[in-house]
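Shown here: start-v4.cif, mmCIF, C-alpha atoms.
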data_protein
loop_
_atom_site.group_PDB
_atom_site.id
_atom_site.type_symbol
_atom_site.label_atom_id
_atom_site.label_comp_id
_atom_site.auth_asym_id
_atom_site.auth_seq_id
_atom_site.Cartn_x
_atom_site.Cartn_y
_atom_site.Cartn_z
ATOM 1 C CA MET A 1 95.629 -4.277 69.515
ATOM 2 C CA PRO A 2 92.486 -5.299 67.619
ATOM 3 C CA LEU A 3 92.371 -5.433 63.829
ATOM 4 C CA PRO A 4 91.736 -1.846 62.595
ATOM 5 C CA LEU A 5 88.171 -1.604 61.245
ATOM 6 C CA VAL A 6 86.689 1.608 59.819
ATOM 7 C CA TYR A 7 82.964 2.461 59.815
ATOM 8 C CA HIS A 8 80.591 5.428 60.153
ATOM 9 C CA ASP A 9 76.877 5.627 60.914
ATOM 10 C CA ASP A 10 76.456 7.831 57.825
ATOM 11 C CA TYR A 11 77.053 4.795 55.571
ATOM 12 C CA SER A 12 73.426 3.619 55.479
ATOM 13 C CA PRO A 13 71.202 6.686 54.971
ATOM 14 C CA ASP A 14 67.445 6.303 54.569
ATOM 15 C CA PHE A 15 66.839 4.753 51.176
ATOM 16 C CA PRO A 16 63.930 3.312 49.172
ATOM 17 C CA ALA A 17 63.393 -0.195 50.568
ATOM 18 C CA GLU A 18 62.602 -1.680 47.145
ATOM 19 C CA HIS A 19 65.739 -0.274 45.468
ATOM 20 C CA ARG A 20 68.083 -2.893 44.002
ATOM 21 C CA PHE A 21 71.116 -1.310 45.700
ATOM 22 C CA PRO A 22 71.198 -2.648 49.304
ATOM 23 C CA MET A 23 72.084 0.604 51.081
ATOM 24 C CA ASP A 24 71.328 -0.881 54.506
ATOM 25 C CA LYS A 25 74.008 -3.569 54.092
ATOM 26 C CA PHE A 26 76.697 -1.382 55.690
ATOM 27 C CA ARG A 27 74.723 -0.959 58.908
ATOM 28 C CA LEU A 28 73.776 -4.643 58.899
ATOM 29 C CA LEU A 29 77.429 -5.568 58.382
ATOM 30 C CA ARG A 30 78.381 -3.465 61.407
ATOM 31 C CA ASP A 31 75.652 -5.182 63.438
ATOM 32 C CA HIS A 32 76.807 -8.634 62.277
ATOM 33 C CA LEU A 33 80.447 -8.005 63.210
ATOM 34 C CA ILE A 34 79.423 -6.825 66.676
ATOM 35 C CA GLU A 35 76.933 -9.674 67.232
ATOM 36 C CA SER A 36 79.487 -12.251 66.106
ATOM 37 C CA GLY A 37 81.991 -10.902 68.657
ATOM 38 C CA LEU A 38 84.569 -9.680 66.159
ATOM 39 C CA THR A 39 84.460 -6.061 67.338
ATOM 40 C CA THR A 40 82.542 -3.579 69.458
ATOM 41 C CA ASP A 41 80.990 -0.318 68.368
ATOM 42 C CA ALA A 42 83.561 1.544 70.470
ATOM 43 C CA GLN A 43 86.447 -0.170 68.651
ATOM 44 C CA LEU A 44 85.252 0.870 65.181
ATOM 45 C CA LEU A 45 87.242 3.826 63.854
ATOM 46 C CA ARG A 46 85.174 6.741 62.495
ATOM 47 C CA PRO A 47 86.483 8.656 59.469
ATOM 48 C CA GLU A 48 86.228 12.299 58.489
ATOM 49 C CA VAL A 49 84.766 13.234 55.107
ATOM 50 C CA CYS A 50 87.205 13.224 52.208
ATOM 51 C CA PRO A 51 88.183 16.840 51.359
ATOM 52 C CA PRO A 52 87.370 18.008 47.822
ATOM 53 C CA GLU A 53 91.027 18.653 47.008
ATOM 54 C CA ILE A 54 91.844 14.988 47.656
ATOM 55 C CA LEU A 55 88.820 13.837 45.637
ATOM 56 C CA ALA A 56 90.117 16.066 42.839
ATOM 57 C CA LEU A 57 93.303 13.974 42.597
ATOM 58 C CA ALA A 58 91.159 11.427 40.738
ATOM 59 C CA HIS A 59 88.032 13.353 39.696
ATOM 60 C CA ASP A 60 87.078 16.429 37.691
ATOM 61 C CA PRO A 61 86.432 19.270 40.197
ATOM 62 C CA ALA A 62 83.424 20.365 38.126
ATOM 63 C CA TYR A 63 81.958 16.856 38.404
ATOM 64 C CA ILE A 64 82.531 16.805 42.172
ATOM 65 C CA GLN A 65 80.649 20.089 42.458
ATOM 66 C CA ARG A 66 77.804 18.924 40.186
ATOM 67 C CA PHE A 67 77.219 15.834 42.259
ATOM 68 C CA MET A 68 77.444 17.539 45.643
ATOM 69 C CA ASN A 69 74.985 20.242 44.480
ATOM 70 C CA ASN A 70 72.496 17.757 42.967
ATOM 71 C CA GLU A 71 73.155 19.096 39.461
ATOM 72 C CA LEU A 72 73.931 15.867 37.614
ATOM 73 C CA ALA A 73 72.644 15.644 34.051
ATOM 74 C CA ARG A 74 69.843 13.150 33.458
ATOM 75 C CA GLU A 75 72.216 10.790 31.641
ATOM 76 C CA ASP A 76 74.566 10.761 34.630
ATOM 77 C CA GLN A 77 71.656 10.127 36.992
ATOM 78 C CA ARG A 78 70.685 7.157 34.816
ATOM 79 C CA ARG A 79 74.255 5.815 34.791
ATOM 80 C CA LEU A 80 74.473 6.124 38.566
ATOM 81 C CA GLY A 81 71.190 4.418 39.406
ATOM 82 C CA LEU A 82 70.851 5.988 42.878
ATOM 83 C CA PRO A 83 68.381 8.712 43.951
ATOM 84 C CA TRP A 84 70.258 11.838 45.112
ATOM 85 C CA SER A 85 69.845 13.193 48.629
ATOM 86 C CA GLU A 86 71.956 15.305 50.965
ATOM 87 C CA ALA A 87 72.426 12.191 53.097
ATOM 88 C CA LEU A 88 73.674 10.237 50.072
ATOM 89 C CA ALA A 89 76.134 13.029 49.228
ATOM 90 C CA LEU A 90 77.459 13.062 52.811
ATOM 91 C CA ARG A 91 77.643 9.273 52.843
ATOM 92 C CA THR A 92 79.646 9.320 49.608
ATOM 93 C CA VAL A 93 82.411 11.661 50.767
ATOM 94 C CA ARG A 94 82.445 10.052 54.225
ATOM 95 C CA ALA A 95 82.979 6.597 52.703
ATOM 96 C CA VAL A 96 85.930 7.789 50.581
ATOM 97 C CA GLY A 97 87.316 9.297 53.788
ATOM 98 C CA GLY A 98 86.850 5.879 55.374
ATOM 99 C CA SER A 99 88.896 4.157 52.684
ATOM 100 C CA LEU A 100 91.615 6.797 53.075
ATOM 101 C CA LEU A 101 91.716 6.282 56.848
ATOM 102 C CA ALA A 102 91.822 2.512 56.394
ATOM 103 C CA ALA A 103 94.715 2.864 53.927
ATOM 104 C CA GLU A 104 96.653 4.962 56.469
ATOM 105 C CA LEU A 105 95.983 2.315 59.111
ATOM 106 C CA ALA A 106 97.122 -0.455 56.767
ATOM 107 C CA LEU A 107 100.440 1.347 56.233
ATOM 108 C CA GLN A 108 100.853 1.727 60.007
ATOM 109 C CA HIS A 109 99.816 -1.760 61.090
ATOM 110 C CA GLY A 110 100.158 -3.975 58.002
ATOM 111 C CA LEU A 111 96.437 -4.692 57.628
ATOM 112 C CA ALA A 112 93.166 -2.789 57.953
ATOM 113 C CA CYS A 113 89.627 -3.261 56.663
ATOM 114 C CA HIS A 114 86.829 -0.895 55.741
ATOM 115 C CA LEU A 115 83.142 -1.758 56.220
ATOM 116 C CA ALA A 116 82.458 -0.093 52.848
ATOM 117 C CA GLY A 117 84.460 0.961 49.759
ATOM 118 C CA GLY A 118 85.375 -0.510 46.411
ATOM 119 C CA THR A 119 83.468 1.998 44.236
ATOM 120 C CA HIS A 120 85.361 0.967 41.106
ATOM 121 C CA HIS A 121 82.841 1.966 38.395
ATOM 122 C CA ALA A 122 83.107 5.704 39.127
ATOM 123 C CA HIS A 123 84.952 7.539 36.329
ATOM 124 C CA TYR A 124 86.919 10.795 36.232
ATOM 125 C CA ASP A 125 83.953 12.966 35.326
ATOM 126 C CA HIS A 126 80.831 10.815 35.713
ATOM 127 C CA PRO A 127 79.268 8.154 37.947
ATOM 128 C CA ALA A 128 78.281 4.638 36.894
ATOM 129 C CA GLY A 129 76.958 1.409 38.365
ATOM 130 C CA PHE A 130 76.026 2.769 41.824
ATOM 131 C CA CYS A 131 79.512 4.362 42.150
ATOM 132 C CA ILE A 132 80.007 8.135 42.524
ATOM 133 C CA PHE A 133 83.637 8.722 43.536
ATOM 134 C CA ASN A 134 86.293 6.038 43.036
ATOM 135 C CA ASP A 135 87.927 5.428 46.413
ATOM 136 C CA LEU A 136 90.524 3.027 44.952
ATOM 137 C CA ALA A 137 91.727 5.654 42.476
ATOM 138 C CA VAL A 138 91.617 8.458 45.062
ATOM 139 C CA ILE A 139 93.712 6.446 47.563
ATOM 140 C CA SER A 140 96.201 5.469 44.870
ATOM 141 C CA ARG A 141 96.767 9.023 43.673
ATOM 142 C CA TYR A 142 96.870 10.430 47.206
ATOM 143 C CA MET A 143 99.371 7.875 48.496
ATOM 144 C CA LEU A 144 101.614 8.269 45.442
ATOM 145 C CA GLU A 145 101.481 12.063 45.181
ATOM 146 C CA SER A 146 102.058 12.559 48.909
ATOM 147 C CA GLY A 147 105.110 10.303 48.699
ATOM 148 C CA ARG A 148 103.693 7.839 51.215
ATOM 149 C CA VAL A 149 104.285 4.961 48.794
ATOM 150 C CA GLY A 150 106.199 4.423 45.563
ATOM 151 C CA ARG A 151 103.834 1.887 44.034
ATOM 152 C CA VAL A 152 100.258 0.727 44.690
ATOM 153 C CA LEU A 153 98.694 -2.484 43.368
ATOM 154 C CA ILE A 154 94.905 -2.753 43.208
ATOM 155 C CA PHE A 155 93.764 -6.374 43.356
ATOM 156 C CA ASP A 156 90.093 -6.198 42.395
ATOM 157 C CA CYS A 157 88.148 -9.421 42.936
ATOM 158 C CA ASP A 158 84.675 -7.927 42.472
ATOM 159 C CA VAL A 159 82.743 -9.981 39.893
ATOM 160 C CA HIS A 160 82.456 -6.878 37.674
ATOM 161 C CA GLN A 161 85.452 -5.311 35.975
ATOM 162 C CA GLY A 162 86.929 -2.263 37.703
ATOM 163 C CA ASP A 163 86.500 -0.141 34.593
ATOM 164 C CA GLY A 164 86.493 3.273 36.264
ATOM 165 C CA THR A 165 89.665 2.495 38.206
ATOM 166 C CA ALA A 166 91.412 1.280 35.050
ATOM 167 C CA ARG A 167 90.523 4.412 33.088
ATOM 168 C CA ILE A 168 91.324 6.946 35.827
ATOM 169 C CA LEU A 169 94.701 5.357 36.549
ATOM 170 C CA ALA A 170 95.645 4.523 32.952
ATOM 171 C CA ASP A 171 98.244 7.309 32.973
ATOM 172 C CA THR A 172 99.547 6.554 36.492
ATOM 173 C CA PRO A 173 102.298 3.958 35.931
ATOM 174 C CA ASP A 174 102.914 3.361 39.645
ATOM 175 C CA ALA A 175 99.263 2.406 40.261
ATOM 176 C CA ILE A 176 98.885 -1.152 38.966
ATOM 177 C CA THR A 177 95.285 -2.148 38.214
ATOM 178 C CA VAL A 178 94.424 -5.863 38.348
ATOM 179 C CA SER A 179 90.855 -7.049 37.731
ATOM 180 C CA LEU A 180 89.608 -10.635 38.161
ATOM 181 C CA HIS A 181 86.053 -10.543 36.865
ATOM 182 C CA CYS A 182 83.394 -12.605 35.150
ATOM 183 C CA GLU A 183 83.971 -11.997 31.447
ATOM 184 C CA LYS A 184 80.266 -11.877 30.543
ATOM 185 C CA ASN A 185 78.989 -9.303 33.007
ATOM 186 C CA PHE A 186 78.701 -5.558 33.585
ATOM 187 C CA PRO A 187 80.170 -3.342 32.180
ATOM 188 C CA ALA A 188 79.378 -4.371 28.615
ATOM 189 C CA ARG A 189 82.280 -2.256 27.303
ATOM 190 C CA LYS A 190 85.352 -3.207 29.293
ATOM 191 C CA ALA A 191 88.232 -0.860 30.011
ATOM 192 C CA GLU A 192 91.869 -1.935 29.811
ATOM 193 C CA SER A 193 93.411 -2.641 33.212
ATOM 194 C CA ASP A 194 97.126 -3.296 33.553
ATOM 195 C CA TRP A 195 96.091 -6.911 34.115
ATOM 196 C CA ASP A 196 92.619 -8.148 33.163
ATOM 197 C CA ILE A 197 91.846 -11.714 34.173
ATOM 198 C CA PRO A 198 88.414 -12.576 32.703
ATOM 199 C CA LEU A 199 86.773 -15.637 34.256
ATOM 200 C CA PRO A 200 84.197 -17.939 32.651
ATOM 201 C CA MET A 201 80.618 -17.959 33.925
ATOM 202 C CA GLY A 202 79.978 -20.689 36.482
ATOM 203 C CA MET A 203 83.553 -20.932 37.826
ATOM 204 C CA GLY A 204 83.659 -22.492 41.294
ATOM 205 C CA ASP A 205 85.906 -22.417 44.364
ATOM 206 C CA ASP A 206 88.881 -24.556 43.346
ATOM 207 C CA ASP A 207 89.463 -23.096 39.890
ATOM 208 C CA TYR A 208 88.962 -19.563 41.194
ATOM 209 C CA LEU A 209 91.394 -19.997 44.073
ATOM 210 C CA LYS A 210 94.053 -21.339 41.708
ATOM 211 C CA VAL A 211 93.729 -18.174 39.589
ATOM 212 C CA VAL A 212 94.087 -16.013 42.726
ATOM 213 C CA ASP A 213 97.191 -17.872 43.907
ATOM 214 C CA ASP A 214 98.836 -17.975 40.484
ATOM 215 C CA SER A 215 98.136 -14.268 39.899
ATOM 216 C CA LEU A 216 99.559 -13.086 43.208
ATOM 217 C CA ASN A 217 102.562 -15.412 43.059
ATOM 218 C CA TYR A 218 103.466 -13.659 39.812
ATOM 219 C CA LEU A 219 102.308 -10.070 40.345
ATOM 220 C CA LEU A 220 103.534 -9.340 43.879
ATOM 221 C CA PRO A 221 107.191 -10.324 43.271
ATOM 222 C CA PHE A 222 107.100 -8.663 39.844
ATOM 223 C CA TYR A 223 105.783 -5.264 40.985
ATOM 224 C CA GLN A 224 106.839 -5.297 44.660
ATOM 225 C CA PRO A 225 104.147 -2.766 45.639
ATOM 226 C CA ASP A 226 104.325 -0.749 48.857
ATOM 227 C CA LEU A 227 100.561 -1.110 49.396
ATOM 228 C CA VAL A 228 97.856 -3.444 48.072
ATOM 229 C CA LEU A 229 94.227 -2.311 47.829
ATOM 230 C CA TYR A 230 92.072 -5.445 47.879
ATOM 231 C CA ASP A 231 88.496 -5.190 46.609
ATOM 232 C CA ALA A 232 86.838 -8.218 48.216
ATOM 233 C CA GLY A 233 83.541 -8.126 46.315
ATOM 234 C CA VAL A 234 81.177 -10.936 47.350
ATOM 235 C CA ASP A 235 79.197 -10.765 44.105
ATOM 236 C CA VAL A 236 81.329 -13.778 43.094
ATOM 237 C CA HIS A 237 79.094 -15.813 45.444
ATOM 238 C CA LYS A 238 76.790 -18.471 43.991
ATOM 239 C CA ASP A 239 73.753 -16.808 45.593
ATOM 240 C CA ASP A 240 74.504 -13.262 44.422
ATOM 241 C CA ALA A 241 71.801 -11.573 42.346
ATOM 242 C CA LEU A 242 74.266 -10.010 39.856
ATOM 243 C CA GLY A 243 77.121 -12.477 39.819
ATOM 244 C CA TYR A 244 77.332 -15.553 37.519
ATOM 245 C CA LEU A 245 80.198 -17.236 39.405
ATOM 246 C CA GLN A 246 79.695 -20.116 41.848
ATOM 247 C CA LEU A 247 81.828 -19.471 44.924
ATOM 248 C CA THR A 248 80.606 -20.766 48.288
ATOM 249 C CA ASP A 249 81.058 -19.087 51.680
ATOM 250 C CA ALA A 250 84.099 -21.310 52.202
ATOM 251 C CA GLY A 251 85.495 -20.298 48.823
ATOM 252 C CA VAL A 252 85.089 -16.585 49.575
ATOM 253 C CA ALA A 253 86.787 -17.065 52.963
ATOM 254 C CA ALA A 254 89.660 -18.995 51.363
ATOM 255 C CA ARG A 255 90.067 -16.245 48.749
ATOM 256 C CA ASP A 256 90.158 -13.462 51.330
ATOM 257 C CA GLU A 257 92.599 -15.303 53.551
ATOM 258 C CA ALA A 258 94.832 -16.172 50.593
ATOM 259 C CA VAL A 259 95.030 -12.584 49.315
ATOM 260 C CA LEU A 260 95.846 -11.179 52.751
ATOM 261 C CA ARG A 261 98.486 -13.848 53.472
ATOM 262 C CA HIS A 262 100.124 -13.415 50.060
ATOM 263 C CA CYS A 263 100.618 -9.733 50.907
ATOM 264 C CA LEU A 264 101.607 -9.999 54.555
ATOM 265 C CA GLN A 265 104.046 -12.849 54.048
ATOM 266 C CA ARG A 266 105.875 -10.524 51.636
ATOM 267 C CA ASN A 267 105.673 -7.661 54.155
ATOM 268 C CA ILE A 268 103.293 -5.694 51.916
ATOM 269 C CA PRO A 269 100.602 -3.711 53.782
ATOM 270 C CA VAL A 270 97.088 -4.496 52.561
ATOM 271 C CA LEU A 271 93.745 -2.711 52.844
ATOM 272 C CA GLY A 272 90.492 -4.670 52.393
ATOM 273 C CA VAL A 273 87.327 -2.959 51.083
ATOM 274 C CA ILE A 274 84.029 -4.783 50.667
ATOM 275 C CA GLY A 275 83.137 -4.129 47.010
ATOM 276 C CA GLY A 276 79.899 -5.378 45.513
ATOM 277 C CA GLY A 277 77.300 -7.777 46.809
ATOM 278 C CA TYR A 278 73.611 -7.946 45.938
ATOM 279 C CA SER A 279 70.776 -9.913 47.500
ATOM 280 C CA LYS A 280 67.230 -9.321 48.688
ATOM 281 C CA ASP A 281 68.198 -11.253 51.819
ATOM 282 C CA ARG A 282 70.097 -8.384 53.389
ATOM 283 C CA ALA A 283 71.062 -10.270 56.569
ATOM 284 C CA ALA A 284 72.642 -13.051 54.497
ATOM 285 C CA LEU A 285 74.433 -10.445 52.393
ATOM 286 C CA ALA A 286 75.836 -8.726 55.497
ATOM 287 C CA ARG A 287 77.183 -12.068 56.753
ATOM 288 C CA ARG A 288 78.748 -12.660 53.327
ATOM 289 C CA HIS A 289 80.518 -9.292 53.416
ATOM 290 C CA GLY A 290 81.635 -10.052 56.971
ATOM 291 C CA ILE A 291 83.683 -12.982 55.684
ATOM 292 C CA LEU A 292 86.393 -10.444 54.759
ATOM 293 C CA HIS A 293 86.625 -9.075 58.277
ATOM 294 C CA HIS A 294 86.544 -12.492 59.962
ATOM 295 C CA SER A 295 89.214 -13.761 57.548
ATOM 296 C CA ALA A 296 91.293 -10.649 58.183
ATOM 297 C CA HIS A 297 91.030 -11.139 61.950
ATOM 298 C CA LYS A 298 92.195 -14.740 61.568
ATOM 299 C CA VAL A 299 95.194 -13.606 59.524
ATOM 300 C CA TRP A 300 95.849 -10.654 61.876
ATOM 301 C CA VAL A 301 96.175 -13.032 64.838
ATOM 302 C CA SER A 302 98.075 -15.823 63.072
ATOM 303 C CA GLU A 303 100.593 -13.405 61.512
ATOM 304 C CA GLY A 304 101.236 -11.874 64.928
ATOM 305 C CA LEU A 305 100.067 -8.373 64.024
ATOM 306 C CA ASN A 306 97.885 -8.012 67.132
#
As structure tokens, please, write out the structure in this file.
Amino acid sequence: MPLPLVYHDDYSPDFPAEHRFPMDKFRLLRDHLIESGLTTDAQLLRPEVCPPEILALAHDPAYIQRFMNNELAREDQRRLGLPWSEALALRTVRAVGGSLLAAELALQHGLACHLAGGTHHAHYDHPAGFCIFNDLAVISRYMLESGRVGRVLIFDCDVHQGDGTARILADTPDAITVSLHCEKNFPARKAESDWDIPLPMGMGDDDYLKVVDDSLNYLLPFYQPDLVLYDAGVDVHKDDALGYLQLTDAGVAARDEAVLRHCLQRNIPVLGVIGGGYSKDRAALARRHGILHHSAHKVWVSEGLN
């Protein structure tokens, strides 16, 4: 069986070409994974939209309705930074559905990856930082409240702190929030995760990988989660427009492989989502995001999951 990969054509709706959010990266990532021989279009698993009652496990129902009906206040539109459209609204609930499907597949098979996800700045009742609904928080609440798992650990390696996730799940003791992020970066006002690991600007591969290994060697035995949600943001890359860390392609690949192996060698299912990544060179950015899926395939084969 091939590594489970989740994608939908709704993920890259028409979008202003000059906008700083690279909305076409999801389609370009799909194209890259097919062109590089990792998957075929027929093998990609297509999700349903996330139902509003599942979104409401982590979000204010009134906020869900305001966004879907294009009734956000001006301040919320400013916080979000994305122009509303019906296609964007559909894309948003489809992508949360994609993370949910990928989480189900991870529980079934040990490992699965989404070609989107990691919208960790979305809060309970407002958007922020290009994030509308928080898929990491939604999955956590859904998996816990449905009794599918007893404990979830979110290992967020996006360069920006997962502030929305931390705040939404602050009162959910069985959802453990861990954020490795550049200390001097967005958001200016940090939330309080269960474990915040702030990193100095300019950190490179070796020092970063030591933090990843040390963190997981402590946290996974300590919490013994039933599922890990891994936000594999590539805005840690030295060429990222919004980053401030100095990881290379090889460093990102080593990170992704290390996180997945740490989980699987302890028999903990793990879901990978792509998180943030920003560059005007969209093809290069798609290849950077694809490091997660290539690393996951390598681990999938070597751990005998296929």
Could you make a table, as a Markdown table, of the residues of range 147-203 of chain A that have an atom within 9 Å of an atom of range 262-281 of chain A, each with its nearest atom pair and distance in Å to one decimal, counting only C-alpha atoms, in chain and number order?
| residue | atom | partner | partner_atom | distance |
| --- | --- | --- | --- | --- |
| A:Asp156 | CA | A:Gly275 | CA | 8.6 |
| A:Cys157 | CA | A:Gly275 | CA | 8.3 |
| A:Asp158 | CA | A:Gly275 | CA | 6.1 |
| A:Val159 | CA | A:Gly276 | CA | 7.8 |
| A:His160 | CA | A:Gly276 | CA | 8.4 |
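For the residues A:Val178, A:Ala116, A:Ala122, A:Val152, ranking by smallest atom-to-atom distance to Asp24 in chain A using only C-alpha atoms places A:Ala116 first.
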May I have the centre and edge lengths, in Å to one decimal, of an axis-aligned box around the listed atoms of range 227-233 of chain A with 3 Å added to every side, as AutoDock Vina command-line options?
--center_x 92.1 --center_y -4.7 --center_z 47.9 --size_x 23.0 --size_y 13.1 --size_z 9.1
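Take the candidates A:His289, A:Ser36, A:Ala128, A:Leu136 and check each one against Gln77 in chain A using all atoms listed in the file; the shortest distance goes to A:Ala128.
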Separating CA of Ser12 in chain A from CA of Ala87 in chain A, to the nearest tenth of an Å, is a gap of 9.0 Å
Residue IDs satisfying the PyMOL selection byres ((chain A and resi 41) around 12), as a PDB file with C-alpha atoms, keeping the file's coordinate frame:
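Heads up, here's the output in out-v6.pdb:
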ATOM      1  CA  LEU A   5      88.171  -1.604  61.245  1.00  0.00           C
ATOM      2  CA  VAL A   6      86.689   1.608  59.819  1.00  0.00           C
ATOM      3  CA  TYR A   7      82.964   2.461  59.815  1.00  0.00           C
ATOM      4  CA  HIS A   8      80.591   5.428  60.153  1.00  0.00           C
ATOM      5  CA  ASP A   9      76.877   5.627  60.914  1.00  0.00           C
ATOM      6  CA  ARG A  27      74.723  -0.959  58.908  1.00  0.00           C
ATOM      7  CA  LEU A  29      77.429  -5.568  58.382  1.00  0.00           C
ATOM      8  CA  ARG A  30      78.381  -3.465  61.407  1.00  0.00           C
ATOM      9  CA  ASP A  31      75.652  -5.182  63.438  1.00  0.00           C
ATOM     10  CA  HIS A  32      76.807  -8.634  62.277  1.00  0.00           C
ATOM     11  CA  LEU A  33      80.447  -8.005  63.210  1.00  0.00           C
ATOM     12  CA  ILE A  34      79.423  -6.825  66.676  1.00  0.00           C
ATOM     13  CA  GLU A  35      76.933  -9.674  67.232  1.00  0.00           C
ATOM     14  CA  GLY A  37      81.991 -10.902  68.657  1.00  0.00           C
ATOM     15  CA  LEU A  38      84.569  -9.680  66.159  1.00  0.00           C
ATOM     16  CA  THR A  39      84.460  -6.061  67.338  1.00  0.00           C
ATOM     17  CA  THR A  40      82.542  -3.579  69.458  1.00  0.00           C
ATOM     18  CA  ALA A  42      83.561   1.544  70.470  1.00  0.00           C
ATOM     19  CA  GLN A  43      86.447  -0.170  68.651  1.00  0.00           C
ATOM     20  CA  LEU A  44      85.252   0.870  65.181  1.00  0.00           C
ATOM     21  CA  LEU A  45      87.242   3.826  63.854  1.00  0.00           C
ATOM     22  CA  ARG A  46      85.174   6.741  62.495  1.00  0.00           C
TER      23      ARG A  46
END
Counting only C-alpha atoms, the residue among A:Lys190, A:Tyr244, A:Ala232, A:Ala175 that lies closest to Gly204 in chain A is A:Tyr244
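Once Gly202 in chain A and its same-chain neighbours fewer than 6 positions away are set aside, Val159, His181, Cys182, Glu183, Lys184, Asn185, Tyr208, Val236, His237, Lys238, Asp239, Gly243, Tyr244, Leu245, Gln246, Leu247 and Thr248 of chain A remain within 12 Å of it when counting all atoms listed in the file.
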task: Taking the point (100.4, -13.5, 65.2) as given in the file, collect each protein or nucleic acid residue that comes within 12 Å of it, counting only C-alpha atoms, and present the set as a VMD selection string.
output: chain A and resid 1 to 3 110 261 264 to 265 296 to 306
- Query: What would the list of residues within 10 Å of (70.1, 6.1, 52.2) (file frame) look like as a ChimeraX atom specification, if all atoms listed in the file are what count?
  - Reply: /A:10-17,21-24,82-89,91
Worksheet item: Skipping near chain neighbours, those fewer than 5 positions away, what residues fall within 9 Å of Trp195 in chain A using only C-alpha atoms, listed as an NGL selection string?
Response: :A and (176-180)
*Identify, on the basis of all atoms listed in the file, every residue whose closest approach to Leu209 in chain A does not exceed 8 Å; exclude the query and any residue fewer than 2 positions from it along the same chain; express the result as JSON, numbers by chain.*
{"A": [205, 206, 207, 211, 212, 213, 251, 254, 255]}
Requested in this report: Please write the residues picked by the PyMOL selection byres ((chain A and resi 94) around 7) on this file as a ChimeraX atom specification.
Outcome: /A:47-50,90-93,95-98
Quick one: write out the picked residues with C-alpha atoms as a compact mmCIF listing (two decimals), in the coordinates of the input?
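Output file result.txt follows:
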# COMPACT_ATOMS: atom_id res chain seq x y z
CA PRO A 47 86.48 8.66 59.47
CA GLU A 48 86.23 12.30 58.49
CA VAL A 49 84.77 13.23 55.11
CA CYS A 50 87.20 13.22 52.21
CA LEU A 90 77.46 13.06 52.81
CA ARG A 91 77.64 9.27 52.84
CA THR A 92 79.65 9.32 49.61
CA VAL A 93 82.41 11.66 50.77
CA ALA A 95 82.98 6.60 52.70
CA VAL A 96 85.93 7.79 50.58
CA GLY A 97 87.32 9.30 53.79
CA GLY A 98 86.85 5.88 55.37
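Comparing the minimum interatomic distances between Phe133 in chain A and each of A:Leu220, A:Ala250, A:Ile168, A:Ala284, counting all atoms listed in the file, we find that A:Ile168 sits nearest.
The spacing separating CA of Asp163 in chain A from CA of Leu28 in chain A amounts to 27.8 Å.
Between CA of Glu104 in chain A and CA of Leu227 in chain A the interatomic distance comes to 10.1 Å.
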Using all atoms listed in the file, the shortest atom-to-atom distance to Ala103 in chain A among A:Val228, A:Leu72, A:Leu55, A:Leu80 belongs to A:Val228
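Take the candidates A:Cys131, A:Leu100, A:Ala286, A:Val252 and check each one against Ala112 in chain A using only C-alpha atoms; the shortest distance goes to A:Leu100.
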